[in-house]
file work.txt (compact mmCIF, C-alpha atoms)
# COMPACT_ATOMS: atom_id res chain seq x y z
CA MET A 1 -162.58 -76.97 -142.49
CA GLU A 2 -162.81 -73.73 -140.62
CA GLY A 3 -163.20 -70.11 -141.54
CA ASP A 4 -166.30 -68.54 -142.98
CA ILE A 5 -167.73 -67.51 -146.30
CA VAL A 6 -166.16 -64.06 -146.07
CA GLN A 7 -162.72 -65.59 -145.88
CA MET A 8 -163.52 -67.91 -148.76
CA GLY A 9 -164.60 -64.94 -150.84
CA ALA A 10 -161.42 -63.10 -149.92
CA TYR A 11 -159.26 -66.01 -151.03
CA ILE A 12 -161.17 -66.46 -154.29
CA GLY A 13 -160.84 -62.74 -154.90
CA ALA A 14 -157.12 -62.89 -154.21
CA GLY A 15 -156.83 -65.64 -156.80
CA LEU A 16 -158.90 -63.70 -159.29
CA ALA A 17 -156.67 -60.67 -158.77
CA CYS A 18 -153.85 -62.72 -160.28
CA MET A 19 -155.52 -62.21 -163.66
CA GLY A 20 -154.11 -58.70 -163.50
CA MET A 21 -150.73 -60.29 -164.08
CA GLY A 22 -151.87 -61.20 -167.58
CA GLY A 23 -152.61 -57.57 -168.33
CA ALA A 24 -149.21 -56.49 -167.05
CA ALA A 25 -147.59 -59.24 -169.11
CA VAL A 26 -149.30 -58.02 -172.29
CA GLY A 27 -148.25 -54.45 -171.51
CA VAL A 28 -144.62 -55.22 -170.74
CA GLY A 29 -144.36 -57.53 -173.76
CA ASN A 30 -145.84 -54.83 -175.96
CA VAL A 31 -143.33 -52.24 -174.77
CA ALA A 32 -140.33 -54.53 -175.09
CA GLY A 33 -141.43 -56.00 -178.41
CA ASN A 34 -142.03 -52.62 -179.99
CA PHE A 35 -138.72 -51.38 -178.63
CA LEU A 36 -136.95 -54.33 -180.21
CA ALA A 37 -138.75 -53.83 -183.51
CA GLY A 38 -137.73 -50.19 -183.54
CA ALA A 39 -134.21 -50.93 -182.37
CA LEU A 40 -133.62 -53.43 -185.17
CA ARG A 41 -134.76 -50.91 -187.75
CA ASN A 42 -132.50 -48.20 -186.40
CA PRO A 43 -129.87 -49.75 -184.12
CA SER A 44 -127.90 -46.51 -183.79
CA ALA A 45 -130.80 -44.76 -182.05
CA ALA A 46 -131.57 -47.69 -179.71
CA GLY A 47 -128.88 -46.99 -177.13
CA GLY A 48 -130.29 -43.60 -176.22
CA GLN A 49 -133.75 -44.97 -175.67
CA THR A 50 -133.09 -47.69 -173.10
CA ALA A 51 -134.11 -45.30 -170.30
CA THR A 52 -137.43 -44.73 -172.08
CA LEU A 53 -137.80 -48.49 -172.43
CA PHE A 54 -137.41 -49.04 -168.71
CA ILE A 55 -139.75 -46.16 -167.85
CA GLY A 56 -142.36 -47.66 -170.18
CA ILE A 57 -141.94 -51.10 -168.69
CA ALA A 58 -142.16 -49.67 -165.18
CA PHE A 59 -145.42 -47.88 -165.93
CA ALA A 60 -146.94 -50.94 -167.58
CA GLU A 61 -145.80 -53.12 -164.72
CA ALA A 62 -147.17 -50.79 -162.04
CA LEU A 63 -150.75 -51.70 -162.92
CA GLY A 64 -149.95 -55.39 -162.64
CA ILE A 65 -148.43 -54.68 -159.24
CA PHE A 66 -151.71 -53.01 -158.23
CA SER A 67 -153.49 -56.33 -158.75
CA PHE A 68 -150.87 -57.94 -156.52
CA LEU A 69 -151.65 -55.24 -153.97
CA VAL A 70 -155.35 -56.06 -154.16
CA ALA A 71 -154.53 -59.73 -153.62
CA LEU A 72 -152.39 -58.88 -150.59
CA LEU A 73 -155.12 -56.65 -149.15
CA LEU A 74 -157.68 -59.41 -149.56
CA MET A 75 -155.36 -61.99 -147.99
CA PHE A 76 -154.17 -60.01 -144.99
CA ALA A 77 -156.24 -56.87 -144.51
CA VAL A 78 -159.87 -57.91 -145.09
CA MET B 1 -147.09 -60.52 -142.34
CA ALA B 2 -147.89 -64.20 -142.65
CA THR B 3 -148.43 -66.33 -139.62
CA GLU B 4 -145.61 -68.73 -139.05
CA ALA B 5 -145.63 -72.11 -140.80
CA GLN B 6 -149.37 -72.38 -141.29
CA GLY B 7 -149.15 -75.48 -143.42
CA ALA B 8 -146.79 -77.47 -141.21
CA GLY B 9 -149.51 -79.35 -139.38
CA ASP B 10 -151.66 -80.45 -142.28
CA GLY B 11 -149.03 -81.80 -144.66
CA GLY B 12 -148.48 -78.52 -146.54
CA LEU B 13 -145.20 -76.71 -146.93
CA VAL B 14 -142.74 -77.20 -144.10
CA PHE B 15 -142.26 -73.43 -144.00
CA HIS B 16 -144.49 -70.71 -145.29
CA PRO B 17 -142.98 -68.81 -148.25
CA MET B 18 -143.79 -65.52 -146.55
CA ASP B 19 -142.01 -66.41 -143.29
CA GLN B 20 -138.80 -64.82 -144.54
CA PHE B 21 -140.42 -61.39 -144.43
CA MET B 22 -141.23 -61.49 -140.72
CA VAL B 23 -139.71 -58.75 -138.61
CA LYS B 24 -138.08 -60.40 -135.60
CA PRO B 25 -136.12 -58.88 -132.72
CA LEU B 26 -132.42 -59.62 -132.89
CA PHE B 27 -132.07 -60.40 -129.19
CA GLY B 28 -134.68 -62.31 -127.23
CA ALA B 29 -138.21 -62.87 -128.41
CA GLY B 30 -140.04 -59.89 -126.96
CA GLU B 31 -142.42 -57.50 -128.65
CA VAL B 32 -141.14 -55.33 -131.49
CA GLY B 33 -141.29 -51.74 -130.25
CA PHE B 34 -140.07 -48.44 -131.66
CA PHE B 35 -136.43 -48.87 -130.70
CA THR B 36 -136.10 -52.66 -130.82
CA LEU B 37 -133.13 -53.90 -132.80
CA THR B 38 -134.67 -56.17 -135.43
CA ASN B 39 -133.42 -57.99 -138.49
CA VAL B 40 -134.57 -54.98 -140.53
CA THR B 41 -132.27 -52.71 -138.55
CA LEU B 42 -129.41 -55.15 -138.91
CA TRP B 43 -129.69 -55.47 -142.69
CA MET B 44 -130.20 -51.74 -143.18
CA ALA B 45 -127.04 -51.14 -141.16
CA LEU B 46 -125.20 -53.72 -143.26
CA THR B 47 -126.45 -51.97 -146.41
CA VAL B 48 -125.11 -48.63 -145.23
CA ALA B 49 -121.84 -50.27 -144.14
CA ALA B 50 -121.44 -51.87 -147.57
CA ILE B 51 -122.04 -48.56 -149.34
CA PHE B 52 -119.59 -46.88 -146.97
CA ALA B 53 -117.00 -49.56 -147.71
CA LEU B 54 -117.43 -49.14 -151.45
CA LEU B 55 -117.50 -45.36 -151.64
CA VAL B 56 -115.29 -44.22 -148.76
CA LEU B 57 -112.84 -47.06 -148.22
CA GLY B 58 -112.84 -48.10 -151.88
CA THR B 59 -111.84 -44.68 -153.14
CA ALA B 60 -109.52 -43.87 -150.23
CA GLY B 61 -106.45 -44.50 -152.40
CA ARG B 62 -107.49 -41.80 -154.90
CA ALA B 63 -105.29 -43.53 -157.46
CA THR B 64 -104.96 -42.10 -160.96
CA ILE B 65 -105.12 -45.64 -162.23
CA PRO B 66 -108.04 -46.88 -160.12
CA SER B 67 -108.08 -50.17 -158.29
CA ARG B 68 -110.97 -52.54 -158.93
CA THR B 69 -113.10 -51.26 -156.04
CA GLN B 70 -112.38 -47.66 -157.01
CA SER B 71 -113.44 -48.38 -160.60
CA ILE B 72 -116.74 -49.79 -159.40
CA ALA B 73 -117.34 -46.75 -157.21
CA GLU B 74 -116.51 -44.42 -160.13
CA LEU B 75 -118.68 -46.48 -162.47
CA ALA B 76 -121.65 -46.16 -160.12
CA TYR B 77 -121.05 -42.42 -159.74
CA ASP B 78 -120.83 -41.82 -163.49
CA PHE B 79 -123.83 -44.05 -164.17
CA VAL B 80 -126.15 -42.18 -161.81
CA ARG B 81 -124.79 -38.76 -162.75
CA LYS B 82 -125.36 -39.43 -166.44
CA MET B 83 -128.87 -40.70 -165.69
CA VAL B 84 -129.77 -37.55 -163.73
CA GLU B 85 -128.29 -35.30 -166.42
CA ASP B 86 -130.02 -37.13 -169.29
CA VAL B 87 -133.45 -37.32 -167.72
CA ALA B 88 -133.78 -34.34 -165.36
CA GLY B 89 -131.47 -31.98 -167.26
CA LYS B 90 -128.50 -29.89 -166.16
CA ASP B 91 -130.40 -28.09 -163.38
CA GLY B 92 -131.42 -31.46 -161.94
CA LEU B 93 -127.81 -32.09 -160.97
CA VAL B 94 -128.43 -30.20 -157.70
CA PHE B 95 -130.33 -33.30 -156.62
CA PHE B 96 -127.63 -35.71 -157.75
CA PRO B 97 -126.43 -36.56 -154.19
CA TYR B 98 -129.98 -37.44 -153.13
CA ILE B 99 -130.59 -39.63 -156.16
CA MET B 100 -127.19 -41.30 -155.83
CA THR B 101 -128.06 -42.11 -152.20
CA LEU B 102 -131.41 -43.55 -153.21
CA PHE B 103 -129.91 -45.66 -155.99
CA LEU B 104 -127.09 -47.10 -153.91
CA PHE B 105 -129.31 -47.77 -150.90
CA ILE B 106 -131.92 -49.62 -152.94
CA LEU B 107 -129.36 -51.48 -155.03
CA PHE B 108 -127.37 -52.67 -152.02
CA ALA B 109 -130.48 -53.54 -150.02
CA ASN B 110 -131.80 -55.59 -152.95
CA VAL B 111 -128.54 -57.39 -153.63
CA LEU B 112 -127.71 -58.04 -149.96
CA GLY B 113 -131.22 -59.43 -149.57
CA LEU B 114 -130.35 -62.14 -152.08
CA LEU B 115 -127.75 -63.65 -149.76
CA PRO B 116 -129.00 -66.87 -148.20
CA MET B 117 -130.59 -66.27 -144.77
CA ALA B 118 -130.57 -62.55 -145.42
CA PHE B 119 -133.50 -60.23 -144.87
CA THR B 120 -134.59 -58.03 -147.77
CA THR B 121 -135.39 -54.66 -146.26
CA THR B 122 -136.81 -53.33 -149.53
CA SER B 123 -139.43 -56.11 -149.59
CA HIS B 124 -141.36 -54.22 -146.93
CA ILE B 125 -143.81 -51.58 -148.06
CA ALA B 126 -143.06 -49.69 -144.84
CA VAL B 127 -139.49 -49.15 -146.05
CA THR B 128 -140.21 -48.37 -149.68
CA ALA B 129 -143.20 -46.19 -148.84
CA VAL B 130 -140.95 -43.90 -146.80
CA LEU B 131 -138.50 -43.67 -149.70
CA ALA B 132 -141.32 -42.98 -152.17
CA MET B 133 -143.03 -40.43 -149.90
CA MET B 134 -139.73 -38.61 -149.51
CA VAL B 135 -139.39 -38.43 -153.28
CA PHE B 136 -143.00 -37.30 -153.65
CA LEU B 137 -142.68 -34.57 -151.01
CA THR B 138 -139.33 -33.39 -152.37
CA VAL B 139 -140.66 -33.18 -155.90
CA THR B 140 -143.86 -31.38 -154.88
CA ILE B 141 -142.03 -28.89 -152.67
CA VAL B 142 -139.38 -28.25 -155.34
CA GLY B 143 -142.09 -27.73 -157.92
CA PHE B 144 -143.96 -25.18 -155.85
CA VAL B 145 -140.79 -23.40 -154.68
CA ARG B 146 -139.40 -23.09 -158.21
CA HIS B 147 -142.61 -22.20 -160.04
CA GLY B 148 -145.15 -21.17 -157.42
CA ALA B 149 -148.70 -21.65 -158.68
CA GLY B 150 -147.22 -22.18 -162.16
CA PHE B 151 -146.42 -25.72 -161.05
CA LEU B 152 -150.13 -26.48 -161.42
CA SER B 153 -149.72 -26.13 -165.20
CA LEU B 154 -148.31 -29.65 -164.96
CA PHE B 155 -151.93 -30.79 -164.77
CA TRP B 156 -153.17 -28.51 -167.56
CA VAL B 157 -152.12 -30.20 -170.80
CA SER B 158 -151.90 -27.18 -173.10
CA SER B 159 -151.21 -29.30 -176.20
CA ALA B 160 -154.60 -31.03 -175.93
CA PRO B 161 -157.86 -29.63 -177.42
CA LEU B 162 -159.58 -27.24 -175.02
CA PRO B 163 -162.74 -29.32 -174.26
CA LEU B 164 -160.55 -32.28 -173.38
CA ARG B 165 -158.32 -30.40 -170.94
CA PRO B 166 -160.50 -30.57 -167.79
CA VAL B 167 -160.84 -34.34 -168.22
CA LEU B 168 -157.11 -34.70 -168.75
CA ALA B 169 -156.47 -32.45 -165.74
CA LEU B 170 -158.51 -34.81 -163.56
CA ILE B 171 -156.59 -37.82 -164.87
CA GLU B 172 -153.27 -36.04 -164.39
CA VAL B 173 -154.15 -35.12 -160.79
CA ILE B 174 -155.10 -38.72 -160.02
CA SER B 175 -151.96 -40.08 -161.64
CA TYR B 176 -149.88 -37.53 -159.73
CA PHE B 177 -151.21 -38.74 -156.39
CA VAL B 178 -150.93 -42.42 -157.33
CA ARG B 179 -147.20 -41.91 -157.99
CA PRO B 180 -145.95 -42.58 -154.44
CA VAL B 181 -148.19 -45.66 -154.24
CA SER B 182 -146.98 -47.24 -157.46
CA HIS B 183 -143.43 -46.07 -156.84
CA SER B 184 -143.21 -47.86 -153.49
CA ILE B 185 -145.28 -50.93 -154.28
CA ARG B 186 -143.40 -51.64 -157.49
CA LEU B 187 -140.16 -52.07 -155.58
CA ALA B 188 -141.61 -53.91 -152.59
CA GLY B 189 -143.83 -56.11 -154.76
CA ASN B 190 -141.03 -57.16 -157.07
CA MET B 191 -138.69 -57.97 -154.22
CA MET B 192 -141.34 -59.81 -152.21
CA ALA B 193 -142.71 -61.81 -155.16
CA GLY B 194 -139.29 -62.92 -156.37
CA HIS B 195 -138.16 -64.08 -152.96
CA ALA B 196 -141.45 -65.85 -152.30
CA VAL B 197 -141.11 -67.76 -155.60
CA VAL B 198 -137.61 -68.90 -154.63
CA LYS B 199 -138.97 -70.09 -151.29
CA VAL B 200 -141.85 -71.96 -152.92
CA PHE B 201 -139.40 -73.92 -155.06
CA ALA B 202 -137.15 -74.41 -152.04
CA ALA B 203 -140.06 -76.12 -150.32
CA PHE B 204 -140.30 -78.61 -153.20
CA ALA B 205 -136.56 -79.31 -153.21
CA PRO B 206 -136.47 -81.93 -150.41
CA MET B 207 -139.22 -84.02 -152.08
CA ILE B 208 -136.62 -86.64 -153.05
CA ILE B 209 -136.74 -87.98 -149.49
CA ILE B 210 -140.40 -89.00 -149.58
CA SER B 211 -141.17 -89.54 -153.27
CA THR B 212 -140.71 -92.47 -155.62
CA GLY B 213 -140.84 -92.95 -159.40
CA ILE B 214 -141.49 -89.81 -161.39
CA GLY B 215 -141.57 -87.82 -158.16
CA LEU B 216 -137.79 -88.16 -157.98
CA LEU B 217 -137.57 -85.62 -160.80
CA VAL B 218 -139.10 -82.91 -158.62
CA THR B 219 -135.90 -82.25 -156.68
CA PRO B 220 -133.48 -81.69 -159.58
CA LEU B 221 -136.09 -79.65 -161.44
CA SER B 222 -136.80 -77.41 -158.47
CA ILE B 223 -133.10 -76.89 -157.77
CA LEU B 224 -132.66 -75.91 -161.42
CA ALA B 225 -135.62 -73.56 -161.06
CA ILE B 226 -134.13 -71.98 -157.93
CA ALA B 227 -130.82 -71.37 -159.71
CA THR B 228 -132.57 -69.82 -162.72
CA ILE B 229 -134.88 -67.63 -160.68
CA TYR B 230 -131.95 -66.56 -158.52
CA ALA B 231 -130.12 -65.33 -161.62
CA LEU B 232 -133.26 -63.53 -162.72
CA GLU B 233 -133.60 -62.00 -159.26
CA LEU B 234 -130.07 -60.59 -159.47
CA LEU B 235 -131.15 -58.84 -162.67
CA VAL B 236 -134.41 -57.69 -161.08
CA ALA B 237 -132.53 -56.35 -158.04
CA PHE B 238 -130.55 -54.07 -160.31
CA ILE B 239 -133.41 -53.15 -162.64
CA GLN B 240 -135.72 -52.21 -159.77
CA ALA B 241 -133.08 -49.94 -158.24
CA TYR B 242 -132.57 -48.43 -161.69
CA VAL B 243 -136.31 -48.00 -162.29
CA PHE B 244 -136.84 -46.41 -158.87
CA THR B 245 -134.10 -43.85 -159.47
CA ILE B 246 -135.00 -43.12 -163.07
CA LEU B 247 -138.62 -42.52 -162.08
CA THR B 248 -137.35 -40.17 -159.38
CA CYS B 249 -135.48 -38.33 -162.14
CA VAL B 250 -138.62 -38.23 -164.29
CA TYR B 251 -140.69 -36.80 -161.42
CA LEU B 252 -137.92 -34.31 -160.74
CA LYS B 253 -137.96 -33.26 -164.38
CA ASP B 254 -141.72 -32.65 -164.09
CA ALA B 255 -141.10 -30.47 -161.05
CA LEU B 256 -138.29 -28.50 -162.70
CA HIS B 257 -139.98 -28.10 -166.10
CA PRO B 258 -143.73 -28.50 -165.52
CA HIS B 259 -144.80 -27.02 -168.85
CA HIS B 260 -145.98 -29.62 -171.30
call {"tool": "encode", "arguments": {"input": "work.txt", "output": "structure tokens"}}
result
Amino acid sequence: MEGDIVQMGAYIGAGLACMGMGGAAVGVGNVAGNFLAGALRNPSAAGGQTATLFIGIAFAEALGIFSFLVALLLMFAV
Amino acid sequence: MATEAQGAGDGGLVFHPMDQFMVKPLFGAGEVGFFTLTNVTLWMALTVAAIFALLVLGTAGRATIPSRTQSIAELAYDFVRKMVEDVAGKDGLVFFPYIMTLFLFILFANVLGLLPMAFTTTSHIAVTAVLAMMVFLTVTIVGFVRHGAGFLSLFWVSSAPLPLRPVLALIEVISYFVRPVSHSIRLAGNMMAGHAVVKVFAAFAPMIIISTGIGLLVTPLSILAIATIYALELLVAFIQAYVFTILTCVYLKDALHPHH
């Protein structure tokens, strides 16, 4: 049992930052699910939109990655 | 990044999952200075050598009916060229060599990093941040050279109602400057997280030695998990290289055609 209350707070905060993953999961699932729904309605147009799909996923995922960044900063930089 | 094997003393993991990301000198155990040969240097050199082997040696035959290596090289070339043309437009093709270089470097660094005992260079923010800053600077300079002050119309959304435009301009400016951050951290974060997950399961794999009863199931389950995550990581390695390059194309398109 060493360390101090600041470190404890940092670790708890790093854990809490993991909740951002849930947001990213909702976002990515939303993009992919809506893409699939659209693609099944009009399969011929789906092929041309895969790039858009990946761009959308990347943007949604970026915000989840920011929470990972916050966790890393709390673990190693604070 | 992480201190070495923190948990070893108090019955935790035998190795820390972040140990694999430590930059170590190749020869000796001295300090890492500016010109020290480290495992990062080694794996970057291997990445470049692999790309050289594929593109230069692979296509050296220049056969009309391509060999297998030549087909792969041509496939990669066509894939990236089509991506640049589709997203950035015909005038974006001037930047095709740069984007091809980015794509192949990231793809090979990601895939080579999946080899056992390998070092993933793209898992370090220092590496990806340089790549992303280069893209950011290129795009900004190209935008201002091509359009002068007209490039600033990128931030002025003319399709929005007038009272809303200043607010949107602020948001657009912020999102423009966050681009290099998200661009670099997306790649590094994905690589780092995936490899750390594999290592966490790898730490559970030898449990069969000390456990009894239901604990015996831990080893086969974790080996299964490693195999599954490894397959997923192969996919992620490709998708992240693809996402990095396609976002570069999107940013390039913004610089070449800034008008909304």
call {"tool": "closest_atom_pairs", "arguments": {"input": "work.txt", "of": "chain B", "to": "chain A", "cutoff": "9 Å", "atoms": "only C-alpha atoms", "output": "Markdown table"}}
result
| residue | atom | partner | partner_atom | distance |
| --- | --- | --- | --- | --- |
| B:Met1 | CA | A:Phe76 | CA | 7.6 |
| B:Ala2 | CA | A:Phe76 | CA | 7.9 |
| B:Met83 | CA | A:Ala51 | CA | 8.4 |
| B:Val87 | CA | A:Ala51 | CA | 8.4 |
| B:Ser182 | CA | A:Ala62 | CA | 5.8 |
| B:His183 | CA | A:Ala62 | CA | 8.0 |
| B:Ile185 | CA | A:Ile65 | CA | 7.0 |
| B:Arg186 | CA | A:Ala62 | CA | 6.0 |
| B:Gly189 | CA | A:Ile65 | CA | 6.6 |
| B:Asn190 | CA | A:Ile65 | CA | 8.1 |
| B:Ile239 | CA | A:Phe54 | CA | 8.4 |
| B:Gln240 | CA | A:Ala58 | CA | 8.8 |
| B:Tyr242 | CA | A:Phe54 | CA | 8.5 |
| B:Val243 | CA | A:Phe54 | CA | 6.6 |
| B:Phe244 | CA | A:Ala58 | CA | 8.9 |
| B:Ile246 | CA | A:Ile55 | CA | 7.4 |
| B:Leu247 | CA | A:Ile55 | CA | 6.9 |
| B:Val250 | CA | A:Ile55 | CA | 8.8 |
call {"tool": "closest_residue", "arguments": {"input": "work.txt", "among": "B:Leu54, B:Leu168, B:Met133, B:Leu234", "to": "Arg68 (chain B)", "atoms": "only C-alpha atoms"}}
result
B:Leu54
call {"tool": "atom_distance", "arguments": {"input": "work.txt", "atom1": "CA of Lys253 (chain B)", "atom2": "CA of Gly89 (chain B)"}}
result
7.2 Å
call {"tool": "residues_near_point", "arguments": {"input": "work.txt", "point": "(-141.0, -66.3, -153.4)", "cutoff": "12 Å", "atoms": "only C-alpha atoms", "output": "ChimeraX atom specification"}}
result
/B:15-21,114,120,123,189-203,225-226,229-230,233
call {"tool": "closest_residue", "arguments": {"input": "work.txt", "among": "A:Ala46, A:Ala60, A:Ala71, A:Ala77", "to": "Ala25 (chain A)", "atoms": "all atoms listed in the file"}}
result
A:Ala60
call {"tool": "atom_distance", "arguments": {"input": "work.txt", "atom1": "CA of Ala32 (chain A)", "atom2": "CA of Leu53 (chain A)"}}
result
7.1 Å
call {"tool": "residues_around", "arguments": {"input": "work.txt", "residues": "Gln70 (chain B)", "least_positions_apart": "3", "cutoff": "8 Å", "atoms": "all atoms listed in the file", "output": "PyMOL selection string"}}
result
chain B and resi 54-55+58-59+62+66-67+73-74
call {"tool": "write_last_selection", "arguments": {"input": "work.txt", "atoms": "C-alpha atoms", "output": "mmCIF file, keeping the file's coordinate frame"}}
result
data_model
loop_
_atom_site.group_PDB
_atom_site.id
_atom_site.type_symbol
_atom_site.label_atom_id
_atom_site.label_comp_id
_atom_site.auth_asym_id
_atom_site.auth_seq_id
_atom_site.Cartn_x
_atom_site.Cartn_y
_atom_site.Cartn_z
ATOM 1 C CA LEU B 54 -117.430 -49.140 -151.450
ATOM 2 C CA LEU B 55 -117.500 -45.360 -151.640
ATOM 3 C CA GLY B 58 -112.840 -48.100 -151.880
ATOM 4 C CA THR B 59 -111.840 -44.680 -153.140
ATOM 5 C CA ARG B 62 -107.490 -41.800 -154.900
ATOM 6 C CA PRO B 66 -108.040 -46.880 -160.120
ATOM 7 C CA SER B 67 -108.080 -50.170 -158.290
ATOM 8 C CA ALA B 73 -117.340 -46.750 -157.210
ATOM 9 C CA GLU B 74 -116.510 -44.420 -160.130
#
call {"tool": "atom_distance", "arguments": {"input": "work.txt", "atom1": "CA of Pro43 (chain A)", "atom2": "CA of Lys82 (chain B)"}}
result
21.0 Å
call {"tool": "residues_around", "arguments": {"input": "work.txt", "residues": "region 108-110 of chain B", "least_positions_apart": "4", "cutoff": "10 Å", "atoms": "only C-alpha atoms", "output": "MDAnalysis selection string"}}
result
chainID B and resid 43:51 103:104 114:115 119:123 187:188 191 233:234 236:238 240:241
call {"tool": "write_last_selection", "arguments": {"input": "work.txt", "atoms": "C-alpha atoms", "output": "short mmCIF file (atom, residue, chain, number, x, y, z; two decimals), keeping the file's coordinate frame"}}
result
data_model
loop_
_atom_site.label_atom_id
_atom_site.label_comp_id
_atom_site.auth_asym_id
_atom_site.auth_seq_id
_atom_site.Cartn_x
_atom_site.Cartn_y
_atom_site.Cartn_z
CA TRP B 43 -129.69 -55.47 -142.69
CA MET B 44 -130.20 -51.74 -143.18
CA ALA B 45 -127.04 -51.14 -141.16
CA LEU B 46 -125.20 -53.72 -143.26
CA THR B 47 -126.45 -51.97 -146.41
CA VAL B 48 -125.11 -48.63 -145.23
CA ALA B 49 -121.84 -50.27 -144.14
CA ALA B 50 -121.44 -51.87 -147.57
CA ILE B 51 -122.04 -48.56 -149.34
CA PHE B 103 -129.91 -45.66 -155.99
CA LEU B 104 -127.09 -47.10 -153.91
CA LEU B 114 -130.35 -62.14 -152.08
CA LEU B 115 -127.75 -63.65 -149.76
CA PHE B 119 -133.50 -60.23 -144.87
CA THR B 120 -134.59 -58.03 -147.77
CA THR B 121 -135.39 -54.66 -146.26
CA THR B 122 -136.81 -53.33 -149.53
CA SER B 123 -139.43 -56.11 -149.59
CA LEU B 187 -140.16 -52.07 -155.58
CA ALA B 188 -141.61 -53.91 -152.59
CA MET B 191 -138.69 -57.97 -154.22
CA GLU B 233 -133.60 -62.00 -159.26
CA LEU B 234 -130.07 -60.59 -159.47
CA VAL B 236 -134.41 -57.69 -161.08
CA ALA B 237 -132.53 -56.35 -158.04
CA PHE B 238 -130.55 -54.07 -160.31
CA GLN B 240 -135.72 -52.21 -159.77
CA ALA B 241 -133.08 -49.94 -158.24
#
call {"tool": "closest_residue", "arguments": {"input": "work.txt", "among": "B:Leu252, B:Phe35, B:Asp86, B:Gly28", "to": "Phe144 (chain B)", "atoms": "only C-alpha atoms"}}
result
B:Leu252
call {"tool": "axis_aligned_box", "arguments": {"input": "work.txt", "around": "region 47-66 of chain A", "padding_each_side": "5 Å", "output": "AutoDock Vina command-line options"}}
result
--center_x -140.3 --center_y -49.5 --center_z -167.7 --size_x 32.8 --size_y 21.8 --size_z 28.9
call {"tool": "closest_residue", "arguments": {"input": "work.txt", "among": "B:Ala88, B:Ala205, B:Val167, B:Leu102", "to": "Thr128 (chain B)", "atoms": "all atoms listed in the file"}}
result
B:Leu102
